[in-house]
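Shown here: target32.txt, compact mmCIF, C-alpha atoms.
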# COMPACT_ATOMS: atom_id res chain seq x y z
CA MET A 1137 -44.39 -32.57 31.52
CA GLN A 1138 -45.05 -33.94 35.02
CA ALA A 1139 -48.12 -35.76 33.76
CA ALA A 1140 -46.05 -37.29 30.96
CA GLN A 1141 -43.48 -38.38 33.52
CA ARG A 1142 -46.26 -40.14 35.44
CA GLY A 1143 -47.07 -42.12 32.32
CA ASP A 1144 -49.89 -40.02 30.94
CA ARG A 1145 -49.74 -40.79 27.23
CA ASP A 1146 -52.01 -37.91 26.28
CA ALA A 1147 -49.62 -35.55 28.01
CA PHE A 1148 -46.72 -37.01 26.08
CA LYS A 1149 -48.69 -36.67 22.88
CA THR A 1150 -49.19 -33.00 23.70
CA LEU A 1151 -45.42 -32.61 23.97
CA PHE A 1152 -45.04 -34.35 20.63
CA GLU A 1153 -47.57 -32.11 18.95
CA ARG A 1154 -45.93 -29.03 20.37
CA TYR A 1155 -42.38 -29.78 19.32
CA HIS A 1156 -42.30 -32.27 16.46
CA ARG A 1157 -41.90 -29.76 13.63
CA ARG A 1158 -39.24 -27.80 15.45
CA ALA A 1159 -37.37 -31.01 16.16
CA TYR A 1160 -37.77 -31.97 12.53
CA ALA A 1161 -36.30 -28.66 11.33
CA LEU A 1162 -33.23 -29.33 13.46
CA ALA A 1163 -32.86 -32.92 12.29
CA PHE A 1164 -33.42 -32.00 8.66
CA GLY A 1165 -30.84 -29.24 8.88
CA VAL A 1166 -28.24 -31.77 9.99
CA VAL A 1167 -29.06 -34.97 8.07
CA ARG A 1168 -30.43 -33.21 4.94
CA HIS A 1169 -32.90 -35.93 3.96
CA GLN A 1170 -36.59 -35.88 4.76
CA ASP A 1171 -37.05 -39.58 5.58
CA ASP A 1172 -33.87 -39.70 7.62
CA ALA A 1173 -34.90 -36.60 9.53
CA LEU A 1174 -38.30 -38.12 10.27
CA ASP A 1175 -36.59 -41.28 11.55
CA VAL A 1176 -34.36 -39.20 13.79
CA VAL A 1177 -37.30 -37.28 15.25
CA GLN A 1178 -39.26 -40.49 15.82
CA ASP A 1179 -36.32 -42.13 17.58
CA ALA A 1180 -35.75 -38.98 19.61
CA PHE A 1181 -39.29 -38.95 20.99
CA ILE A 1182 -39.13 -42.67 21.78
CA LYS A 1183 -35.85 -42.14 23.58
CA ALA A 1184 -37.19 -39.08 25.37
CA HIS A 1185 -40.16 -41.13 26.61
CA LYS A 1186 -37.91 -43.95 27.73
CA TYR A 1187 -35.83 -41.61 29.87
CA LEU A 1188 -38.54 -39.20 30.98
CA ASP A 1189 -37.88 -40.11 34.59
CA ARG A 1190 -34.34 -38.77 34.23
CA PHE A 1191 -35.55 -35.34 33.15
CA GLU A 1192 -35.18 -33.17 36.23
CA GLY A 1193 -36.80 -30.03 34.90
CA ASN A 1194 -33.69 -27.85 35.12
CA SER A 1195 -34.23 -26.84 31.50
CA SER A 1196 -37.22 -26.81 29.21
CA PHE A 1197 -38.41 -30.06 27.70
CA TYR A 1198 -37.41 -28.82 24.26
CA THR A 1199 -33.87 -28.01 25.40
CA TRP A 1200 -33.62 -31.58 26.59
CA LEU A 1201 -35.25 -32.90 23.43
CA TYR A 1202 -33.03 -30.99 21.00
CA ARG A 1203 -29.96 -32.50 22.62
CA ILE A 1204 -31.38 -35.94 21.97
CA VAL A 1205 -32.29 -34.96 18.39
CA MET A 1206 -28.85 -33.51 17.81
CA ASN A 1207 -27.07 -36.58 19.18
CA LEU A 1208 -29.19 -38.92 17.10
CA ALA A 1209 -28.72 -36.79 13.98
CA ILE A 1210 -24.95 -36.80 14.39
CA ASP A 1211 -25.01 -40.55 15.10
CA HIS A 1212 -27.08 -41.03 11.97
CA LEU A 1213 -24.52 -39.18 9.88
CA ARG A 1214 -21.70 -41.24 11.35
CA LYS A 1215 -23.48 -44.52 10.71
CA HIS A 1216 -24.33 -43.68 7.13
CA ARG A 1217 -21.10 -41.96 6.28
CA LYS A 1218 -19.55 -43.27 3.09
CA VAL A 1219 -16.49 -41.07 3.01
CA LYS A 1220 -14.57 -39.98 6.06
CA PRO A 1221 -14.82 -36.20 6.24
CA VAL A 1222 -11.68 -34.12 6.25
CA GLU A 1223 -11.83 -30.95 8.28
CA LEU A 1224 -9.11 -28.62 7.12
CA ASP A 1225 -10.15 -25.62 9.14
CA GLU A 1226 -10.87 -27.04 12.55
CA THR A 1227 -8.59 -24.87 14.62
CA ARG A 1228 -7.08 -22.43 12.15
CA LEU A 1229 -8.51 -18.96 12.46
CA GLU A 1230 -5.36 -16.87 12.16
CA ASN A 1231 -5.35 -16.52 8.38
CA ASP A 1232 -8.98 -15.77 7.94
CA GLY A 1233 -8.14 -12.30 6.74
CA ASP A 1234 -7.21 -13.94 3.45
CA ASP A 1235 -10.71 -15.26 3.04
CA PRO A 1236 -12.97 -12.88 4.85
CA LEU A 1237 -16.64 -12.72 5.55
CA LEU A 1238 -18.56 -10.99 2.83
CA PRO A 1239 -20.20 -7.65 3.51
CA ARG A 1240 -23.02 -8.41 1.05
CA ILE A 1241 -26.60 -8.69 2.06
CA LEU A 1242 -29.84 -9.38 0.25
CA GLY A 1243 -31.37 -6.03 0.93
CA GLY A 1244 -31.94 -6.85 4.56
CA ASN A 1245 -35.17 -8.68 3.91
CA PRO A 1246 -34.52 -12.42 4.17
CA GLY A 1247 -38.21 -13.07 4.67
CA ARG A 1248 -39.01 -11.87 1.18
CA ALA A 1249 -35.87 -13.46 -0.26
CA LEU A 1250 -37.01 -16.87 1.00
CA GLN A 1251 -40.01 -16.70 -1.29
CA ASP A 1252 -37.63 -17.25 -4.17
CA LYS A 1253 -37.40 -20.93 -5.10
CA GLN A 1254 -34.02 -20.48 -6.72
CA LEU A 1255 -32.58 -19.00 -3.55
CA ARG A 1256 -34.03 -21.74 -1.41
CA ALA A 1257 -32.67 -24.41 -3.73
CA ARG A 1258 -29.31 -22.73 -3.50
CA ILE A 1259 -29.44 -22.67 0.29
CA ASP A 1260 -30.21 -26.39 0.19
CA GLN A 1261 -27.22 -27.02 -2.07
CA ALA A 1262 -24.96 -24.89 0.07
CA LEU A 1263 -26.00 -26.72 3.23
CA ASP A 1264 -25.46 -30.06 1.50
CA GLN A 1265 -21.95 -29.07 0.52
CA LEU A 1266 -20.88 -28.11 4.01
CA SER A 1267 -19.06 -30.72 6.04
CA GLU A 1268 -21.14 -32.47 8.70
CA ASN A 1269 -19.47 -30.62 11.54
CA HIS A 1270 -19.72 -27.22 9.91
CA ARG A 1271 -23.36 -27.79 9.05
CA SER A 1272 -24.23 -29.09 12.52
CA VAL A 1273 -22.73 -26.04 14.20
CA LEU A 1274 -24.40 -23.65 11.77
CA VAL A 1275 -27.81 -25.27 12.28
CA MET A 1276 -27.47 -25.33 16.07
CA ARG A 1277 -26.53 -21.67 16.10
CA GLU A 1278 -29.05 -20.34 13.60
CA LEU A 1279 -32.01 -22.54 14.48
CA GLU A 1280 -31.60 -22.90 18.23
CA GLY A 1281 -29.47 -19.86 19.06
CA LEU A 1282 -27.01 -21.87 21.12
CA SER A 1283 -24.01 -20.06 22.56
CA TYR A 1284 -20.51 -21.15 21.58
CA GLU A 1285 -20.08 -22.76 24.98
CA GLU A 1286 -23.32 -24.71 24.70
CA MET A 1287 -22.37 -25.92 21.22
CA ALA A 1288 -18.93 -26.95 22.48
CA GLN A 1289 -20.61 -29.07 25.15
CA ALA A 1290 -23.06 -30.54 22.68
CA MET A 1291 -20.32 -31.52 20.23
CA SER A 1292 -17.70 -32.44 22.83
CA CYS A 1293 -15.07 -30.11 21.46
CA SER A 1294 -13.43 -26.83 22.39
CA LYS A 1295 -15.05 -23.44 22.05
CA GLY A 1296 -12.30 -22.46 19.62
CA THR A 1297 -13.20 -25.37 17.38
CA ILE A 1298 -16.83 -24.30 17.43
CA MET A 1299 -15.87 -20.76 16.46
CA SER A 1300 -13.73 -22.05 13.63
CA ARG A 1301 -16.44 -24.36 12.31
CA LEU A 1302 -19.04 -21.65 12.50
CA PHE A 1303 -16.85 -19.08 10.80
CA HIS A 1304 -16.00 -21.36 7.91
CA ALA A 1305 -19.56 -22.59 7.59
CA ARG A 1306 -20.83 -19.06 7.26
CA ARG A 1307 -18.11 -17.98 4.88
CA ASN A 1308 -18.70 -21.03 2.67
CA MET A 1309 -22.43 -20.42 2.67
CA GLN A 1310 -21.83 -16.82 1.64
CA LYS A 1311 -19.53 -17.90 -1.18
CA ARG A 1312 -22.09 -20.34 -2.53
CA LEU A 1313 -24.82 -17.74 -2.44
CA LEU A 1314 -22.57 -15.02 -3.80
CA ASP A 1315 -23.58 -15.16 -7.44
CA LEU A 1316 -27.21 -14.94 -6.42
CA ILE A 1317 -26.37 -11.89 -4.34
CA ASP A 1318 -24.28 -10.24 -7.04
CA ASN A 1319 -26.45 -11.29 -9.96
CA PRO A 1320 -29.91 -11.89 -8.60
CA SER A 1321 -32.56 -13.26 -10.89
CA ALA A 1322 -35.39 -10.98 -11.93
CA GLU A 1323 -37.71 -12.99 -9.71
CA LEU A 1324 -35.42 -12.58 -6.70
CA VAL A 1325 -35.17 -8.84 -7.31
CA ASP A 1326 -38.95 -8.67 -7.46
CA ASP A 1327 -39.18 -10.66 -4.24
CA LEU A 1328 -36.70 -8.42 -2.51
CA LEU A 1329 -38.50 -5.32 -3.67
CA GLY A 1330 -41.82 -6.78 -2.67
CA LYS A 1331 -43.18 -6.67 -6.18
CA ARG A 1332 -43.90 -10.38 -6.31
CA ALA A 1333 -45.58 -11.37 -3.12
CA ASP A 1334 -46.22 -15.02 -3.93
CA PRO A 1335 -44.11 -16.62 -6.66
CA GLU A 1336 -46.39 -19.64 -6.84
CA ALA A 1337 -49.33 -17.44 -7.61
CA ASP A 1338 -47.64 -15.60 -10.47
CA GLU A 1339 -49.91 -16.85 -13.18
CA ALA A 1340 -53.03 -16.14 -11.22
CA ALA A 1341 -51.70 -12.75 -10.25
CA ALA A 1342 -50.86 -11.93 -13.86
CA ALA A 1343 -54.33 -12.95 -14.93
CA SER A 1344 -56.14 -11.00 -12.30
CA GLN A 1345 -53.62 -8.17 -11.93
CA ASP A 1346 -54.22 -8.47 -8.23
CA GLU A 1347 -51.35 -8.80 -5.84
CA ALA A 1348 -51.56 -11.83 -3.62
CA PRO A 1349 -50.90 -11.45 0.11
CA ALA A 1350 -47.33 -11.99 1.21
CA LYS A 1351 -46.33 -15.34 2.61
CA ARG A 1352 -45.50 -15.41 6.26
CA VAL A 1353 -42.01 -16.45 7.12
CA PRO A 1354 -42.00 -18.28 10.42
CA ALA A 1355 -40.18 -16.64 13.28
CA ARG A 1356 -40.09 -19.02 16.17
CA SER A 1357 -38.60 -18.16 19.46
CA ARG A 1358 -35.18 -19.57 20.13
CA SER A 1359 -35.59 -20.51 23.72
CA MET B 1259 -30.50 -19.86 24.90
CA THR B 1260 -28.18 -17.98 27.17
CA GLU B 1261 -25.63 -15.87 25.39
CA ARG B 1262 -22.33 -15.28 27.10
CA ARG B 1263 -20.41 -12.09 26.48
CA ILE B 1264 -16.68 -11.89 26.98
CA SER B 1265 -15.00 -8.56 27.46
CA ARG B 1266 -11.46 -8.31 26.18
CA PRO B 1267 -9.29 -5.71 24.42
CA LEU B 1268 -9.87 -5.57 20.68
CA PRO B 1269 -7.10 -5.03 18.13
CA ARG B 1270 -6.91 -1.80 16.17
CA THR B 1271 -8.90 -3.29 13.32
CA THR B 1272 -11.70 -5.59 14.23
CA SER B 1273 -11.13 -9.03 12.76
CA ASP B 1274 -13.83 -10.96 10.95
CA VAL B 1275 -13.88 -13.56 13.70
CA GLU B 1276 -14.58 -10.86 16.24
CA LEU B 1277 -17.27 -9.43 14.02
CA MET B 1278 -18.86 -12.86 13.97
CA GLU B 1279 -18.61 -13.11 17.75
CA HIS B 1280 -20.22 -9.69 18.01
CA ALA B 1281 -23.02 -10.71 15.66
CA ASP B 1282 -23.61 -13.77 17.84
CA GLY B 1283 -23.67 -11.75 21.05
CA GLU B 1284 -20.47 -13.33 22.35
CA LEU B 1285 -18.48 -10.11 22.66
CA ALA B 1286 -19.14 -7.04 24.77
CA GLU B 1287 -21.42 -4.82 22.72
CA ALA B 1288 -20.04 -1.39 23.66
CA GLU B 1289 -16.45 -1.96 22.59
CA VAL B 1290 -17.34 -3.31 19.19
CA ALA B 1291 -20.08 -0.78 18.59
CA ILE B 1292 -17.52 2.04 18.65
CA ARG B 1293 -15.41 0.22 16.09
CA LEU B 1294 -18.38 -0.49 13.88
CA ASP B 1295 -19.23 3.20 13.73
CA ARG B 1296 -15.79 3.83 12.24
CA GLU B 1297 -15.79 0.79 9.95
CA PRO B 1298 -18.76 0.70 7.55
CA ASP B 1299 -17.45 -2.47 5.95
CA ALA B 1300 -17.38 -4.16 9.34
CA ARG B 1301 -20.96 -3.09 10.00
CA ALA B 1302 -22.01 -4.61 6.67
CA LYS B 1303 -20.28 -7.88 7.57
CA VAL B 1304 -22.12 -8.08 10.88
CA ASP B 1305 -25.40 -7.42 9.09
CA ALA B 1306 -24.52 -10.08 6.51
CA VAL B 1307 -23.83 -12.67 9.21
CA ARG B 1308 -27.18 -11.95 10.84
CA GLU B 1309 -28.99 -12.04 7.51
CA LEU B 1310 -27.44 -15.36 6.61
CA GLY B 1311 -28.68 -16.68 9.93
CA GLU B 1312 -32.20 -15.52 9.12
CA LEU B 1313 -32.01 -17.18 5.72
CA VAL B 1314 -30.86 -20.52 7.13
CA ARG B 1315 -33.38 -20.47 9.97
CA GLY B 1316 -36.27 -19.38 7.77
CA HIS B 1317 -35.38 -21.94 5.12
CA LEU B 1318 -35.28 -24.84 7.62
CA GLU B 1319 -38.51 -23.78 9.28
CA LEU B 1320 -40.25 -23.52 5.92
CA SER B 1321 -38.89 -26.97 5.06
CA ALA B 1322 -40.40 -28.32 8.28
CA ASP B 1323 -43.72 -26.64 7.56
CA ALA B 1324 -43.76 -28.28 4.13
CA VAL B 1325 -43.88 -31.81 5.58
CA HIS B 1326 -47.44 -33.07 5.38
CA ASP B 1327 -49.32 -33.54 8.64
CA ALA B 1328 -50.01 -37.16 7.68
CA ARG B 1329 -46.30 -37.98 7.97
CA PHE B 1330 -46.22 -36.76 11.54
CA ALA B 1331 -49.53 -38.44 12.35
CA ALA B 1332 -48.06 -41.73 11.15
CA MET B 1333 -44.94 -41.00 13.18
CA TRP B 1334 -47.00 -40.53 16.33
CA ARG B 1335 -48.78 -43.84 15.75
CA ARG B 1336 -45.42 -45.60 15.54
CA ILE B 1337 -44.16 -43.80 18.65
CA ASP B 1338 -47.37 -44.62 20.48
CA SER B 1339 -47.09 -48.30 19.67
CA GLU B 1340 -43.39 -48.30 20.50
CA ILE B 1341 -43.76 -46.78 23.94
CA GLU B 1342 -46.49 -49.27 24.88
CA VAL B 1343 -44.06 -51.80 26.28
CA PRO B 1344 -45.67 -55.11 27.26
CA ALA B 1345 -45.51 -55.55 30.99
CA SER B 1346 -43.27 -58.20 32.45
CA GLY B 1347 -43.23 -59.54 35.97
CA LEU B 1348 -46.03 -59.82 38.46
CA TRP B 1349 -45.94 -56.25 39.71
CA ALA B 1350 -45.89 -54.78 36.18
CA ARG B 1351 -48.84 -56.98 35.23
CA VAL B 1352 -50.73 -55.89 38.30
CA THR B 1353 -50.09 -52.19 37.73
CA GLY B 1354 -50.96 -52.51 34.07
CA TRP B 1355 -54.14 -54.35 34.88
CA PHE B 1356 -55.04 -51.80 37.52
CA ASP B 1357 -54.45 -48.88 35.15
CA ARG B 1358 -56.77 -50.46 32.62
CA HIS B 1359 -59.48 -51.41 35.11
CA ARG B 1360 -59.22 -48.74 37.75
CA GLY B 1361 -62.81 -47.58 37.30
CA HIS B 1362 -64.24 -51.10 37.24
CA VAL B 1363 -62.37 -52.09 40.39
CA VAL B 1364 -63.65 -49.12 42.33
CA THR B 1365 -67.18 -49.78 41.08
CA GLY B 1366 -66.85 -53.45 42.00
CA VAL B 1367 -65.72 -52.69 45.54
CA VAL B 1368 -68.58 -50.28 46.03
CA SER B 1369 -71.09 -52.79 44.60
CA ALA B 1370 -69.77 -55.58 46.80
CA GLY B 1371 -70.10 -53.32 49.82
CA ALA B 1372 -73.69 -52.47 48.90
CA VAL B 1373 -74.61 -56.12 48.45
CA ALA B 1374 -73.07 -56.98 51.83
CA ALA B 1375 -75.04 -54.20 53.49
CA LEU B 1376 -78.26 -55.36 51.88
CA ALA B 1377 -77.60 -58.93 52.96
CA LEU B 1378 -77.12 -57.73 56.52
CA ILE B 1379 -80.38 -55.78 56.50
CA LEU B 1380 -82.50 -58.38 54.74
CA ARG B 1381 -81.29 -61.49 56.55
CA PRO B 1382 -83.97 -63.60 58.35
CA GLY B 1383 -85.12 -62.33 61.70
CA GLY B 1384 -86.71 -59.17 62.99
CA PRO B 1385 -85.08 -56.01 64.11
CA ASP B 1386 -85.28 -57.18 67.72
CA GLY B 1387 -83.04 -60.05 66.98
CA ALA B 1388 -85.81 -62.63 66.88
CA GLY B 1389 -84.96 -65.41 64.57
CA VAL B 1390 -81.30 -65.04 65.27
CA GLY B 1391 -79.63 -67.72 67.36
CA ARG B 1392 -82.71 -69.94 67.60
CA GLY B 1393 -80.76 -73.08 67.98
CA PRO B 1394 -77.31 -74.53 68.04
CA ILE B 1395 -75.43 -74.14 64.84
CA SER B 1396 -73.48 -77.06 63.68
CA VAL B 1397 -70.07 -75.87 62.52
CA GLN B 1398 -68.03 -78.32 60.50
CA PRO B 1399 -64.25 -77.73 60.29
CA VAL B 1400 -63.11 -77.34 56.69
CA ALA B 1401 -59.54 -77.40 55.50
CA MET B 1402 -58.97 -74.09 53.64
CA ARG B 1403 -56.00 -73.83 51.27
CA ALA B 1404 -56.67 -70.24 50.28
CA ALA B 1405 -55.17 -67.43 52.32
CA PRO B 1406 -57.58 -65.20 54.20
CA GLU B 1407 -58.91 -62.66 51.77
CA ILE B 1408 -58.94 -58.90 52.32
CA ASP B 1409 -61.49 -57.22 50.15
CA ALA B 1410 -61.07 -53.59 51.09
CA LEU B 1411 -59.12 -51.29 53.36
CA ASP B 1412 -59.91 -47.97 54.92
CA THR B 1413 -57.05 -45.62 53.97
CA PRO B 1414 -57.60 -42.02 55.16
CA GLY B 1415 -56.09 -39.47 52.75
CA GLY B 1416 -56.25 -41.78 49.79
CA SER B 1417 -57.93 -44.75 48.26
CA SER B 1418 -57.05 -48.39 48.31
CA THR B 1419 -57.87 -51.41 46.26
CA VAL B 1420 -57.22 -55.03 47.07
CA ILE B 1421 -56.52 -57.40 44.22
CA ASN B 1422 -56.50 -61.14 44.75
CA LEU B 1423 -54.71 -63.08 42.06
CA ASP B 1424 -54.52 -66.80 41.49
CA ASP B 1425 -51.87 -68.06 39.16
CA GLU B 1426 -49.39 -70.90 38.82
CA ASP B 1427 -47.44 -69.52 41.79
CA GLY B 1428 -50.42 -69.72 44.09
CA HIS B 1429 -52.53 -67.00 45.60
CA THR B 1430 -51.29 -63.43 45.76
CA THR B 1431 -52.97 -60.46 47.37
CA VAL B 1432 -51.94 -57.01 46.24
CA ILE B 1433 -52.97 -53.93 48.16
CA TRP B 1434 -52.88 -50.82 45.98
CA VAL B 1435 -52.91 -47.50 47.82
CA SER B 1436 -53.13 -44.19 45.93
CA PRO B 1437 -52.64 -40.85 47.68
CA ALA B 1438 -55.54 -38.50 47.19
CA ASP B 1439 -53.46 -35.66 45.71
CA ILE B 1440 -52.70 -37.31 42.36
CA VAL B 1441 -53.80 -35.01 39.54
CA GLU B 1442 -54.24 -36.46 36.10
CA GLY B 1443 -53.51 -34.50 32.98
CA ILE B 1444 -51.45 -31.38 32.46
Can I see the file as C-alpha cells?
Amino acid sequence: MQAAQRGDRDAFKTLFERYHRRAYALAFGVVRHQDDALDVVQDAFIKAHKYLDRFEGNSSFYTWLYRIVMNLAIDHLRKHRKVKPVELDETRLENDGDDPLLPRILGGNPGRALQDKQLRARIDQALDQLSENHRSVLVMRELEGLSYEEMAQAMSCSKGTIMSRLFHARRNMQKRLLDLIDNPSAELVDDLLGKRADPEADEAAAASQDEAPAKRVPARSRS
Amino acid sequence: MTERRISRPLPRTTSDVELMEHADGELAEAEVAIRLDREPDARAKVDAVRELGELVRGHLELSADAVHDARFAAMWRRIDSEIEVPASGLWARVTGWFDRHRGHVVTGVVSAGAVAALALILRPGGPDGAGVGRGPISVQPVAMRAAPEIDALDTPGGSSTVINLDDEDGHTTVIWVSPADIVEGI
C-alpha cells in the first residue's frame, strides 16, 4: 500500500489483482449487470489511485475501496434510473408481524443448494426485483458483513432505515424463493442431499456411474 | 467488519426484527438465546436469515468467479493507461524524466567522474609537476551567457543528481536529492 502511494505501479497492480473480483461481486450485486459492474470496478480503481495520498491507513485498503465501489455503484443506478423508485417500507417496522420472516431453510446447506442452476437463476431474479436501496443494503450486509451503523453511514440514512430496508429485503427474497423451498425440483433435492455433486457433469456422471467431486463454494473472509 | 451489540430489554415474544438483529450480531446474545430455546419457530427464523445470507453471498461470489480473467486483464490495461497522466509543468516533467532515466543519470555521473579523474592523471607533465606551468598562459576573457554548471553534489545520507535543462525559458538547474532510506516495492 505504501509503495502504491509512492507511485509504484506494480504495487498498485498487486492491489488490483488482490481485490478486483471481490470488488466486482459487490458492484454486480448492486448494479446487476456484468458490463456495468465492470465499469464500476474500473472507475473505482482509477479513483482509488487518484486519491491514494488521502488514504491514511486507518482501515484496510479494501474497506476504503469498497466504499468507493459502493458509492459509484449507487451513483450508477441513479444516473441510469428510468423510473423513480418508491420505497413503501422505509421506516415502518411496527406491522411486520403481519408479514413475518419465514422459518424455512434449504436443509442448512446453502453451499450444495448453490450448485442448482434453477436456484441461482431464482436468486438473480429475486435480487433484480428488489428496490435499489433494499438490494444495496442486503448486498453490503451479506457480502461485506457491515454493521447497521456502518451501512447507515455508507448510505447517509438512519440506522432504523437500514434495519427496515434489510428486513424487507430479506423477507422479499424469502418470498421469491419460497416455492423453490416448498416445492424443490428433483435436481435441487439431489443437490441438497449431496446426491448430485456437479449438475454440469450429470451426463458424464450418468455414463460413467462415477460421482464427480463437489464444487467448492467460495467462503471469503468479511474483513 | 465490527459488529455492535446493543443490550436492551426484550418483549415477551421476540419480534422478527429482533430475530434479524440477533442473526446479524446486533443484539446481546445471551438475552435472545434464552428466548430462542423456548421458541423453536424463532430459532428456525434466525437460521433462515443466516442461510439466506449464505445463499446471497455465495451466489455473488460465484458470479464474480465466472467472469473470465481476460475481462479483468483488459480492465487493468485500461486502468494502467488511465493512471499514466501526462506530466505538466516543469517540475512534473523533470520528475517524470528522472523516474524514467534514474539509472542512466547515475551511470552518467559516475562515468563523467571517471573520465575527469583519468584526464587529471593522464594530462601532460610528470608526477613531479614538470611540464606544468612552463610558461605564461594567455587567458582571453569570454562572455558566458550560461549559468555556472553544477554537475554533482556530495549529499551524505542520500544521493543527489543535478539536471541542467535548456528550454525556451532559458537555463534551469535542478538538484534532485533522494534520502537513502527509500525502499521500492512492497
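Going from atom CA of Lys1253 of chain A to atom CA of Asp1327 of chain B covers 22.1 Å.
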Show me, as a CSV table (one decimal) with C-alpha atoms, keeping the file's coordinate frame, every residue of chain B with an atom at most 9 Å from chain A, counting all atoms listed in the file.
chain,number,residue,atom,x,y,z
B,1259,MET,CA,-30.5,-19.9,24.9
B,1260,THR,CA,-28.2,-18.0,27.2
B,1261,GLU,CA,-25.6,-15.9,25.4
B,1262,ARG,CA,-22.3,-15.3,27.1
B,1273,SER,CA,-11.1,-9.0,12.8
B,1274,ASP,CA,-13.8,-11.0,11.0
B,1275,VAL,CA,-13.9,-13.6,13.7
B,1278,MET,CA,-18.9,-12.9,14.0
B,1279,GLU,CA,-18.6,-13.1,17.8
B,1282,ASP,CA,-23.6,-13.8,17.8
B,1283,GLY,CA,-23.7,-11.8,21.0
B,1284,GLU,CA,-20.5,-13.3,22.4
B,1299,ASP,CA,-17.4,-2.5,6.0
B,1300,ALA,CA,-17.4,-4.2,9.3
B,1301,ARG,CA,-21.0,-3.1,10.0
B,1302,ALA,CA,-22.0,-4.6,6.7
B,1303,LYS,CA,-20.3,-7.9,7.6
B,1304,VAL,CA,-22.1,-8.1,10.9
B,1305,ASP,CA,-25.4,-7.4,9.1
B,1306,ALA,CA,-24.5,-10.1,6.5
B,1307,VAL,CA,-23.8,-12.7,9.2
B,1309,GLU,CA,-29.0,-12.0,7.5
B,1310,LEU,CA,-27.4,-15.4,6.6
B,1311,GLY,CA,-28.7,-16.7,9.9
B,1312,GLU,CA,-32.2,-15.5,9.1
B,1313,LEU,CA,-32.0,-17.2,5.7
B,1314,VAL,CA,-30.9,-20.5,7.1
B,1315,ARG,CA,-33.4,-20.5,10.0
B,1316,GLY,CA,-36.3,-19.4,7.8
B,1317,HIS,CA,-35.4,-21.9,5.1
B,1318,LEU,CA,-35.3,-24.8,7.6
B,1319,GLU,CA,-38.5,-23.8,9.3
B,1320,LEU,CA,-40.2,-23.5,5.9
B,1321,SER,CA,-38.9,-27.0,5.1
B,1322,ALA,CA,-40.4,-28.3,8.3
B,1323,ASP,CA,-43.7,-26.6,7.6
B,1325,VAL,CA,-43.9,-31.8,5.6
B,1329,ARG,CA,-46.3,-38.0,8.0
B,1330,PHE,CA,-46.2,-36.8,11.5
B,1333,MET,CA,-44.9,-41.0,13.2
B,1334,TRP,CA,-47.0,-40.5,16.3
B,1336,ARG,CA,-45.4,-45.6,15.5
B,1337,ILE,CA,-44.2,-43.8,18.6
B,1338,ASP,CA,-47.4,-44.6,20.5
B,1340,GLU,CA,-43.4,-48.3,20.5
B,1341,ILE,CA,-43.8,-46.8,23.9
B,1441,VAL,CA,-53.8,-35.0,39.5
B,1442,GLU,CA,-54.2,-36.5,36.1
B,1443,GLY,CA,-53.5,-34.5,33.0
B,1444,ILE,CA,-51.4,-31.4,32.5
* So what do you get for atom CA of Gln1254 of chain A versus atom CA of Ala1209 of chain A, distance-wise? -> 26.9 Å
* Atom pair atom CA of Asn1308 of chain A / atom CA of Leu1266 of chain A: separation (Å) ->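 According to the coordinates, atom CA of Asn1308 of chain A and atom CA of Leu1266 of chain A are separated by 7.5 Å.
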* To do: Name the residues in contact with Asp1211 of chain A at a cut-off of 10 Å, using all atoms listed in the file, excluding same-chain residues fewer than 6 positions from it; report them as a ChimeraX atom specification.
  => /A:1167,1176,1205,1217
